[in-house]
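Visitor: final35.pdb is reproduced below (PDB, C-alpha atoms).
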```
ATOM      1  CA  MET I   1     -31.489   7.374 -15.600
ATOM      2  CA  SER I   2     -27.911   7.348 -14.301
ATOM      3  CA  ALA I   3     -25.691  10.435 -14.158
ATOM      4  CA  SER I   4     -23.498   9.000 -16.925
ATOM      5  CA  SER I   5     -26.439   8.414 -19.259
ATOM      6  CA  SER I   6     -27.755  11.927 -18.562
ATOM      7  CA  VAL I   7     -24.398  13.468 -19.472
ATOM      8  CA  ALA I   8     -24.192  11.228 -22.535
ATOM      9  CA  GLU I   9     -27.568  12.517 -23.735
ATOM     10  CA  LEU I  10     -26.411  16.105 -23.240
ATOM     11  CA  LEU I  11     -23.298  15.418 -25.315
ATOM     12  CA  ARG I  12     -25.307  13.671 -28.015
ATOM     13  CA  HIS I  13     -27.574  16.693 -28.428
ATOM     14  CA  LEU I  14     -24.735  19.209 -28.562
ATOM     15  CA  PRO I  15     -24.187  20.635 -32.039
ATOM     16  CA  GLU I  16     -20.888  19.908 -33.778
ATOM     17  CA  GLY I  17     -18.305  22.233 -32.242
ATOM     18  CA  GLY I  18     -20.223  22.656 -28.981
ATOM     19  CA  THR I  19     -18.456  22.007 -25.674
ATOM     20  CA  LEU I  20     -19.417  20.666 -22.259
ATOM     21  CA  TRP I  21     -17.453  20.294 -19.021
ATOM     22  CA  VAL I  22     -17.666  16.789 -17.521
ATOM     23  CA  ARG I  23     -16.375  15.653 -14.109
ATOM     24  CA  GLY I  24     -14.672  12.268 -14.074
ATOM     25  CA  LEU I  25     -14.071   9.490 -11.549
ATOM     26  CA  GLY I  26     -11.539   6.689 -11.784
ATOM     27  CA  ARG I  27      -7.809   6.297 -12.328
ATOM     28  CA  SER I  28      -7.480   4.618 -15.725
ATOM     29  CA  MET I  29      -5.744   7.753 -17.082
ATOM     30  CA  TRP I  30      -3.616   8.503 -14.015
ATOM     31  CA  PRO I  31      -1.332  10.472 -13.807
ATOM     32  CA  LEU I  32      -2.642  12.442 -16.804
ATOM     33  CA  LEU I  33      -6.098  12.604 -15.204
ATOM     34  CA  ARG I  34      -6.918  12.179 -11.528
ATOM     35  CA  SER I  35     -10.214  11.047 -10.081
ATOM     36  CA  GLY I  36     -12.289  14.210  -9.694
ATOM     37  CA  ASP I  37     -10.661  16.149 -12.540
ATOM     38  CA  ALA I  38     -12.948  17.749 -15.124
ATOM     39  CA  VAL I  39     -12.549  17.711 -18.903
ATOM     40  CA  GLN I  40     -14.021  20.014 -21.535
ATOM     41  CA  VAL I  41     -15.447  17.874 -24.326
ATOM     42  CA  LEU I  42     -15.683  19.187 -27.888
ATOM     43  CA  ARG I  43     -18.573  17.506 -29.718
ATOM     44  CA  CYS I  44     -17.190  16.015 -32.918
ATOM     45  CA  GLY I  45     -17.233  12.986 -35.169
ATOM     46  CA  ALA I  46     -14.674  10.289 -35.848
ATOM     47  CA  GLU I  47     -13.056  12.323 -38.627
ATOM     48  CA  ALA I  48     -11.969  14.951 -36.077
ATOM     49  CA  VAL I  49      -9.940  12.639 -33.830
ATOM     50  CA  ALA I  50      -6.535  11.070 -34.384
ATOM     51  CA  PRO I  51      -4.174   8.785 -32.451
ATOM     52  CA  GLY I  52      -2.947  10.634 -29.372
ATOM     53  CA  ASP I  53      -6.198  12.532 -28.802
ATOM     54  CA  LEU I  54      -8.107  12.152 -25.556
ATOM     55  CA  ALA I  55     -11.630  11.069 -26.509
ATOM     56  CA  VAL I  56     -14.846  10.664 -24.533
ATOM     57  CA  LEU I  57     -16.881   7.567 -25.371
ATOM     58  CA  LEU I  58     -20.129   5.948 -24.276
ATOM     59  CA  ARG I  59     -19.570   2.314 -23.291
ATOM     60  CA  ALA I  60     -22.049  -0.479 -23.912
ATOM     61  CA  ASP I  61     -22.891  -0.541 -20.181
ATOM     62  CA  GLY I  62     -23.935   3.130 -20.269
ATOM     63  CA  GLY I  63     -20.805   4.500 -18.592
ATOM     64  CA  LEU I  64     -18.605   7.271 -19.949
ATOM     65  CA  THR I  65     -14.885   6.850 -20.559
ATOM     66  CA  ALA I  66     -12.163   9.380 -21.366
ATOM     67  CA  HIS I  67      -9.302   7.432 -22.965
ATOM     68  CA  LEU I  68      -6.530   7.960 -25.482
ATOM     69  CA  VAL I  69      -7.215   7.290 -29.151
ATOM     70  CA  THR I  70      -4.900   4.551 -30.428
ATOM     71  CA  GLY I  71      -6.281   4.158 -33.943
ATOM     72  CA  ALA I  72      -8.788   5.563 -36.433
ATOM     73  CA  ALA I  73     -11.264   4.088 -38.954
ATOM     74  CA  PRO I  74     -12.685   2.706 -36.748
ATOM     75  CA  VAL I  75     -11.789   4.708 -33.655
ATOM     76  CA  ARG I  76      -9.952   2.612 -31.066
ATOM     77  CA  THR I  77      -9.078   3.749 -27.559
ATOM     78  CA  ALA I  78      -7.141   2.523 -24.535
ATOM     79  CA  SER I  79      -6.343   3.562 -20.988
ATOM     80  CA  LEU I  80      -2.955   5.101 -20.309
ATOM     81  CA  LEU I  81      -1.452   1.869 -18.993
ATOM     82  CA  GLY I  82      -3.793  -0.836 -20.229
ATOM     83  CA  ARG I  83      -5.238  -2.720 -23.155
ATOM     84  CA  GLU I  84      -7.475  -1.357 -25.888
ATOM     85  CA  ASP I  85     -11.137  -0.849 -25.028
ATOM     86  CA  PRO I  86     -14.098  -2.678 -26.565
ATOM     87  CA  SER I  87     -15.834  -0.684 -29.276
ATOM     88  CA  ALA I  88     -17.830   2.284 -27.960
ATOM     89  CA  GLU I  89     -19.709   5.314 -29.245
ATOM     90  CA  LEU I  90     -17.529   8.391 -29.756
ATOM     91  CA  LEU I  91     -19.054  11.505 -28.193
ATOM     92  CA  GLY I  92     -16.246  14.023 -28.516
ATOM     93  CA  ARG I  93     -12.645  15.052 -28.005
ATOM     94  CA  VAL I  94     -11.142  16.539 -24.844
ATOM     95  CA  VAL I  95      -9.758  20.023 -25.463
ATOM     96  CA  ARG I  96      -9.131  21.208 -21.885
ATOM     97  CA  ILE I  97      -8.484  19.659 -18.473
ATOM     98  CA  ARG I  98      -9.305  21.254 -15.118
ATOM     99  CA  THR I  99      -7.034  19.855 -12.420
ATOM    100  CA  ARG I 100      -5.741  21.210  -9.093
ATOM    101  CA  GLY I 101      -7.452  24.536  -9.784
ATOM    102  CA  LEU I 102      -5.766  24.963 -13.176
ATOM    103  CA  VAL I 103      -7.317  24.825 -16.645
ATOM    104  CA  LEU I 104      -4.864  23.286 -19.110
ATOM    105  CA  PRO I 105      -5.349  23.007 -22.882
ATOM    106  CA  VAL I 106      -4.882  19.698 -24.705
ATOM    107  CA  PRO I 107      -3.497  20.861 -28.067
ATOM    108  CA  GLU I 108      -3.270  18.710 -31.176
ATOM    109  CA  LEU I 109       0.517  19.177 -31.003
ATOM    110  CA  ALA I 110       0.484  16.918 -27.923
ATOM    111  CA  ARG I 111      -0.771  13.923 -29.932
ATOM    112  CA  PRO I 112       2.654  12.325 -30.662
ATOM    113  CA  LEU I 113       3.802  12.694 -27.059
ATOM    114  CA  LEU I 114       0.615  11.259 -25.554
ATOM    115  CA  ARG I 115       0.589   8.371 -28.012
ATOM    116  CA  ALA I 116       4.224   7.568 -27.191
ATOM    117  CA  VAL I 117       3.486   7.694 -23.464
ATOM    118  CA  GLN I 118       0.534   5.332 -23.925
ATOM    119  CA  ARG I 119       2.595   2.843 -25.916
ATOM    120  CA  LEU I 120       5.387   2.888 -23.352
ATOM    121  CA  GLY I 121       2.963   2.629 -20.444
ATOM    122  CA  SER I 122       0.945  -0.245 -21.880
ATOM    123  CA  THR I 123       4.148  -2.157 -22.694
ATOM    124  CA  ALA I 124       5.403  -1.685 -19.143
ATOM    125  CA  PHE I 125       2.012  -2.659 -17.729
ATOM    126  CA  ARG I 126       2.122  -5.996 -19.547
ATOM    127  CA  SER I 127       5.715  -6.766 -18.510
ATOM    128  CA  PRO I 128       5.731  -9.687 -16.009
ATOM    129  CA  ALA I 129       8.910  -8.379 -14.383
ATOM    130  CA  LEU I 130       7.525  -4.886 -13.835
ATOM    131  CA  ARG I 131       4.191  -6.230 -12.632
ATOM    132  CA  GLY I 132       6.029  -8.370 -10.099
ATOM    133  CA  ALA I 133       8.072  -5.369  -8.985
ATOM    134  CA  ARG I 134       4.889  -3.328  -8.511
ATOM    135  CA  ARG I 135       3.348  -6.075  -6.378
ATOM    136  CA  LEU I 136       6.465  -6.248  -4.202
ATOM    137  CA  ALA I 137       6.553  -2.465  -3.824
ATOM    138  CA  ARG I 138       2.863  -2.395  -2.893
ATOM    139  CA  ALA I 139       3.306  -5.189  -0.350
ATOM    140  CA  TRP I 140       6.314  -3.452   1.209
ATOM    141  CA  GLY I 141       4.549  -0.086   1.289
ATOM    142  CA  THR I 142       1.640  -1.488   3.310
ATOM    143  CA  SER I 143       3.644  -3.890   5.490
ATOM    144  CA  SER I 144       4.163  -3.723   9.241
ATOM    145  CA  TRP I 145       7.761  -2.606   8.593
ATOM    146  CA  THR I 146       6.546   0.735   7.226
ATOM    147  CA  ARG I 147       3.700   1.135   9.726
ATOM    148  CA  PRO I 148       5.480   3.463  12.216
ATOM    149  CA  GLY I 149       6.655   5.809   9.471
ATOM    150  CA  ARG I 150       3.250   5.910   7.801
ATOM    151  CA  ALA I 151       1.526   6.572  11.123
ATOM    152  CA  ARG I 152       3.829   9.525  11.836
ATOM    153  CA  TRP I 153       3.395  10.908   8.325
ATOM    154  CA  LEU I 154      -0.418  10.698   8.426
ATOM    155  CA  GLY I 155      -0.760  12.165  11.902
ATOM    156  CA  ALA I 156      -3.803  11.740  14.134
ATOM    157  CA  LEU I 157      -6.708  10.212  12.209
ATOM    158  CA  THR I 158     -10.358  10.994  12.903
ATOM    159  CA  VAL I 159     -13.171   8.532  12.174
ATOM    160  CA  ARG I 160     -16.667  10.014  11.894
ATOM    161  CA  PRO I 161     -19.830  10.009   9.753
ATOM    162  CA  LEU I 162     -19.586  12.063   6.589
ATOM    163  CA  LEU I 163     -21.065  15.544   6.806
ATOM    164  CA  ARG I 164     -23.352  17.198   4.298
ATOM    165  CA  GLY I 165     -21.244  18.468   1.416
ATOM    166  CA  GLU I 166     -18.565  15.771   1.751
ATOM    167  CA  GLU I 167     -20.237  13.389  -0.710
ATOM    168  CA  GLU I 168     -18.123  14.686  -3.579
ATOM    169  CA  ALA I 169     -14.882  13.946  -1.722
ATOM    170  CA  LEU I 170     -16.179  10.429  -1.049
ATOM    171  CA  LEU I 171     -16.990   9.808  -4.723
ATOM    172  CA  VAL I 172     -13.592  11.132  -5.829
ATOM    173  CA  PHE I 173     -11.800   8.913  -3.291
ATOM    174  CA  ALA I 174     -13.829   5.862  -4.310
ATOM    175  CA  GLY I 175     -13.274   6.638  -7.979
ATOM    176  CA  HIS I 176      -9.521   6.513  -7.473
ATOM    177  CA  HIS I 177      -9.203   3.539  -5.126
ATOM    178  CA  LEU I 178     -12.168   1.385  -6.212
ATOM    179  CA  PRO I 179     -13.914   2.819  -9.301
ATOM    180  CA  ARG I 180     -16.747   0.275  -9.318
ATOM    181  CA  ALA I 181     -17.797   1.474  -5.854
ATOM    182  CA  ALA I 182     -18.403   5.025  -7.084
ATOM    183  CA  GLY I 183     -21.253   3.861  -9.317
ATOM    184  CA  GLU I 184     -23.165   2.460  -6.328
ATOM    185  CA  LEU I 185     -22.335   5.187  -3.839
ATOM    186  CA  GLY I 186     -23.902   8.020  -5.838
ATOM    187  CA  PRO I 187     -27.451   6.614  -6.024
ATOM    188  CA  GLY I 188     -27.291   5.345  -2.440
ATOM    189  CA  LEU I 189     -26.303   8.733  -1.043
ATOM    190  CA  ALA I 190     -28.695  10.671  -3.279
ATOM    191  CA  GLY I 191     -31.636   8.441  -2.376
ATOM    192  CA  GLY I 192     -30.940   8.584   1.347
ATOM    193  CA  THR I 193     -30.915   4.792   1.622
ATOM    194  CA  GLY I 194     -27.265   4.532   2.613
ATOM    195  CA  TRP I 195     -24.751   6.234   4.869
ATOM    196  CA  ALA I 196     -20.993   6.450   5.032
ATOM    197  CA  VAL I 197     -18.339   6.975   7.666
ATOM    198  CA  GLY I 198     -14.867   8.136   6.799
ATOM    199  CA  VAL I 199     -11.392   8.429   8.266
ATOM    200  CA  PHE I 200      -9.726  11.825   7.863
ATOM    201  CA  ASP I 201      -6.165  13.017   8.401
ATOM    202  CA  PRO I 202      -5.382  16.296  10.248
ATOM    203  CA  VAL I 203      -5.802  18.399   7.073
ATOM    204  CA  GLY I 204      -9.198  16.856   6.300
ATOM    205  CA  ARG I 205      -8.099  14.493   3.540
ATOM    206  CA  LEU I 206     -10.173  11.318   3.274
ATOM    207  CA  ARG I 207      -8.084   8.173   3.837
ATOM    208  CA  GLY I 208     -10.780   5.495   3.909
ATOM    209  CA  PHE I 209     -14.510   4.910   4.204
ATOM    210  CA  ALA I 210     -17.185   2.343   4.975
ATOM    211  CA  PHE I 211     -20.653   2.425   3.450
ATOM    212  CA  ALA I 212     -23.846   0.630   4.452
ATOM    213  CA  ASP I 213     -27.498   0.795   3.523
ATOM    214  CA  GLY I 214     -30.596  -0.053   5.500
ATOM    215  CA  GLY I 215     -32.683  -3.096   4.734
ATOM    216  CA  ALA I 216     -35.960  -4.670   5.728
ATOM    217  CA  GLU I 217     -36.812  -5.067   9.421
ATOM    218  CA  GLY I 218     -33.809  -3.113  10.659
ATOM    219  CA  SER I 219     -31.148  -5.188   8.938
ATOM    220  CA  ALA I 220     -28.380  -2.989   7.479
ATOM    221  CA  ARG I 221     -25.758  -4.308   5.088
ATOM    222  CA  VAL I 222     -22.099  -3.345   4.717
ATOM    223  CA  ARG I 223     -21.548  -2.573   1.048
ATOM    224  CA  TRP I 224     -18.035  -1.159   0.916
ATOM    225  CA  LEU I 225     -14.981  -0.932   3.152
ATOM    226  CA  VAL I 226     -12.075   0.839   1.461
ATOM    227  CA  VAL I 227      -8.809   2.016   3.055
ATOM    228  CA  ALA I 228      -6.091   3.875   1.167
ATOM    229  CA  PRO I 229      -2.839   1.868   0.986
ATOM    230  CA  VAL I 230      -0.968   4.451   3.053
ATOM    231  CA  ALA I 231      -3.438   3.957   5.930
ATOM    232  CA  GLN I 232      -3.611   0.160   5.888
ATOM    233  CA  ARG I 233      -2.522  -1.908   8.921
ATOM    234  CA  LEU I 234      -3.060   1.095  11.181
ATOM    235  CA  GLY I 235      -6.343  -0.045  12.733
ATOM    236  CA  VAL I 236      -8.365   2.046  10.286
ATOM    237  CA  GLY I 237     -10.539  -0.799   8.985
ATOM    238  CA  GLY I 238     -11.637  -1.828  12.469
ATOM    239  CA  ALA I 239     -12.303   1.777  13.479
ATOM    240  CA  LEU I 240     -14.451   2.301  10.379
ATOM    241  CA  LEU I 241     -16.530  -0.799  11.122
ATOM    242  CA  ARG I 242     -16.982   0.302  14.734
ATOM    243  CA  GLU I 243     -18.212   3.746  13.663
ATOM    244  CA  LEU I 244     -20.419   2.228  10.954
ATOM    245  CA  ALA I 245     -22.053  -0.057  13.534
ATOM    246  CA  ARG I 246     -22.567   2.885  15.893
ATOM    247  CA  GLU I 247     -24.206   4.907  13.131
ATOM    248  CA  ALA I 248     -26.409   1.957  12.112
ATOM    249  CA  SER I 249     -27.567   1.546  15.709
ATOM    250  CA  ALA I 250     -28.349   5.273  15.927
ATOM    251  CA  ARG I 251     -30.501   4.892  12.801
ATOM    252  CA  GLY I 252     -32.590   2.197  14.452
ATOM    253  CA  GLN I 253     -30.983  -0.813  12.799
ATOM    254  CA  VAL I 254     -30.849  -3.986  14.888
ATOM    255  CA  GLU I 255     -28.123  -5.816  13.009
ATOM    256  CA  LEU I 256     -25.334  -5.215  10.525
ATOM    257  CA  ARG I 257     -24.736  -7.831   7.833
ATOM    258  CA  ALA I 258     -21.911  -8.435   5.386
ATOM    259  CA  GLU I 259     -21.144 -10.823   2.557
ATOM    260  CA  LEU I 260     -17.465 -11.747   2.714
ATOM    261  CA  PRO I 261     -15.335 -13.793   0.313
ATOM    262  CA  SER I 262     -14.188 -16.959   2.046
ATOM    263  CA  GLY I 263     -10.672 -16.702   0.603
ATOM    264  CA  ASP I 264      -9.819 -13.260   2.013
ATOM    265  CA  THR I 265      -8.412 -14.304   5.389
ATOM    266  CA  ARG I 266      -7.313 -10.794   6.346
ATOM    267  CA  LEU I 267     -10.813  -9.409   5.781
ATOM    268  CA  LEU I 268     -12.370 -12.293   7.695
ATOM    269  CA  ARG I 269     -10.051 -11.652  10.668
ATOM    270  CA  LEU I 270     -11.010  -7.989  10.622
ATOM    271  CA  PHE I 271     -14.752  -8.657  10.713
ATOM    272  CA  ARG I 272     -14.377 -11.362  13.373
ATOM    273  CA  ALA I 273     -12.390  -8.932  15.529
ATOM    274  CA  ARG I 274     -15.271  -6.468  15.265
ATOM    275  CA  GLY I 275     -17.749  -9.066  16.516
ATOM    276  CA  PHE I 276     -19.228 -10.341  13.247
ATOM    277  CA  ARG I 277     -20.168 -14.009  13.298
ATOM    278  CA  GLU I 278     -20.861 -16.419  10.464
ATOM    279  CA  GLU I 279     -24.474 -17.600  10.507
ATOM    280  CA  ALA I 280     -23.892 -20.543   8.166
ATOM    281  CA  PRO I 281     -20.268 -21.706   8.565
ATOM    282  CA  GLY I 282     -18.758 -22.909   5.321
ATOM    283  CA  ALA I 283     -21.193 -21.052   3.049
ATOM    284  CA  ALA I 284     -18.906 -18.977   0.817
ATOM    285  CA  GLY I 285     -19.675 -15.276   0.733
ATOM    286  CA  LYS I 286     -22.776 -15.417   2.968
ATOM    287  CA  GLY I 287     -24.070 -14.948   6.456
ATOM    288  CA  TRP I 288     -21.845 -12.636   8.518
ATOM    289  CA  VAL I 289     -23.864 -10.674  11.059
ATOM    290  CA  LEU I 290     -23.256  -8.281  13.962
ATOM    291  CA  PRO I 291     -26.215  -7.811  16.376
ATOM    292  CA  LEU I 292     -26.623  -4.164  17.393
ATOM    293  CA  GLU I 293     -29.175  -4.316  20.229
ATOM    294  CA  LYS I 294     -26.440  -3.994  22.859
ATOM    295  CA  GLY I 295     -24.139  -1.784  20.810
ATOM    296  CA  PRO I 296     -21.093  -2.649  18.736
ATOM    297  CA  ALA I 297     -18.532  -5.095  20.031
ATOM    298  CA  PRO I 298     -15.123  -3.768  21.156
ATOM    299  CA  LEU I 299     -12.209  -3.681  18.763
ATOM    300  CA  HIS I 300      -9.821  -6.445  19.876
ATOM    301  CA  ARG I 301      -6.842  -5.624  17.695
ATOM    302  CA  PRO I 302      -6.019  -3.349  14.746
ATOM    303  CA  GLU I 303      -6.471  -5.163  11.457
ATOM    304  CA  GLY I 304      -7.149  -2.287   8.984
TER
END
```
Is it possible to express this structure as structure tokens?

Guide:
Amino acid sequence: MSASSSVAELLRHLPEGGTLWVRGLGRSMWPLLRSGDAVQVLRCGAEAVAPGDLAVLLRADGGLTAHLVTGAAPVRTASLLGREDPSAELLGRVVRIRTRGLVLPVPELARPLLRAVQRLGSTAFRSPALRGARRLARAWGTSSWTRPGRARWLGALTVRPLLRGEEEALLVFAGHHLPRAAGELGPGLAGGTGWAVGVFDPVGRLRGFAFADGGAEGSARVRWLVVAPVAQRLGVGGALLRELAREASARGQVELRAELPSGDTRLLRLFRARGFREEAPGAAGKGWVLPLEKGPAPLHRPEG
């Protein structure tokens, strides 16, 4: 049973009016909710929620979602900046948020404001002009033009395996930058089948990670390589792969494999620079391998 389904069962068995604190991952409600924030859920039925409320629902895939209510009878919900969700089972209403060490109430008086913010945000999200502006801003923010300034702002970065107790920081980071990765990381870390290396800034904040799990006959597989936008094009991706290969070799693995999309030329350059070679050239998404018997290959140039 997954963590989400376990929490869902707890909420289902709460009596009406009972409450439960739930920790969340993801950024669909940012900036109202950050990945890693906790919400206090009041168990209630559909008659107790109204447009503008923050509701917790159980999706068809078994995951939990905390989204804004956009309509009643039946209950409809949406992310802060996106489209309405498919129908889901209502489990309760959020009455408090724990963020940055503070516990903040979510009063019913906030309904009109939150609903207005959601309408404005979803309209802006669908605007072609604003979406184009966001893409340009993102491209500029991670370009080589901003690299010197970002490097100075981040300071000296440290790449190392994650220590015991840092799993939560990894899940929160993954939940914000690549939510679908968080669902795989939890079981892999808990079961001891996978390992992660991270890149940290001088104050200990995680800025990127790589995750791999061991396979049959000493063949490990790269599952995730994620770098925060502010740390991209600073050599972080290559450094993470180098450390991941070193850790795999220390664990007795003889090779490191990866499945790469053929259309992502930047990612392909990065893995080639780290010594990965395509076993079956031309086969989309298959066959990239790095032998580890003689240690990881040197990093030729920063591509992260």

Visitor: The PyMOL selection byres ((chain I and resi 223) around 12) on the file shown: which residues, as a PyMOL selection string?

Guide: chain I and resi 180-182+184-185+188+193-196+209-215+220-222+224-226+241+244+256-260

Visitor: Tell me, as an MDAnalysis selection string, which residues lie within 6 Å of Thr70 of chain I, counting only C-alpha atoms; anything in the same chain fewer than 5 positions away does not count.

Guide: chainID I and resid 51 76:77

Visitor: Apply the PyMOL selection byres ((chain I and resi 90-94) around 6) to the file shown and report the selected residues as a CSV table (one decimal) with C-alpha atoms, in the frame of the given file.

Guide:
```
chain,number,residue,atom,x,y,z
I,40,GLN,CA,-14.0,20.0,-21.5
I,41,VAL,CA,-15.4,17.9,-24.3
I,42,LEU,CA,-15.7,19.2,-27.9
I,43,ARG,CA,-18.6,17.5,-29.7
I,44,CYS,CA,-17.2,16.0,-32.9
I,54,LEU,CA,-8.1,12.2,-25.6
I,55,ALA,CA,-11.6,11.1,-26.5
I,56,VAL,CA,-14.8,10.7,-24.5
I,57,LEU,CA,-16.9,7.6,-25.4
I,89,GLU,CA,-19.7,5.3,-29.2
I,95,VAL,CA,-9.8,20.0,-25.5
I,96,ARG,CA,-9.1,21.2,-21.9
```

Visitor: Report, in Å with one decimal, the straight-line distance from atom CA of Arg207 of chain I to atom CA of Ile97 of chain I.

Guide: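 Atom-to-atom, atom CA of Arg207 of chain I to atom CA of Ile97 of chain I, that is 25.1 Å.
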
Visitor: Any chance you could resolve the PyMOL selection byres ((chain I and resi 231) around 10) against this file and give the residues as a list in words?

Guide: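 For this structure, the PyMOL selection byres ((chain I and resi 231) around 10) captures Thr142, Arg147, Arg150, Ala151, Leu154, Leu157, Val199, Asp201, Arg207, Gly208, Val227, Ala228, Pro229, Val230, Gln232, Arg233, Leu234, Gly235, Val236, Gly237 and Gly304 of chain I.
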
Visitor: Could you check how far atom CA of Leu206 of chain I sits from atom CA of Arg152 of chain I, in Å to one decimal?

Guide: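 Taking atom CA of Leu206 of chain I as the start and atom CA of Arg152 of chain I as the end point, the length is 16.5 Å.
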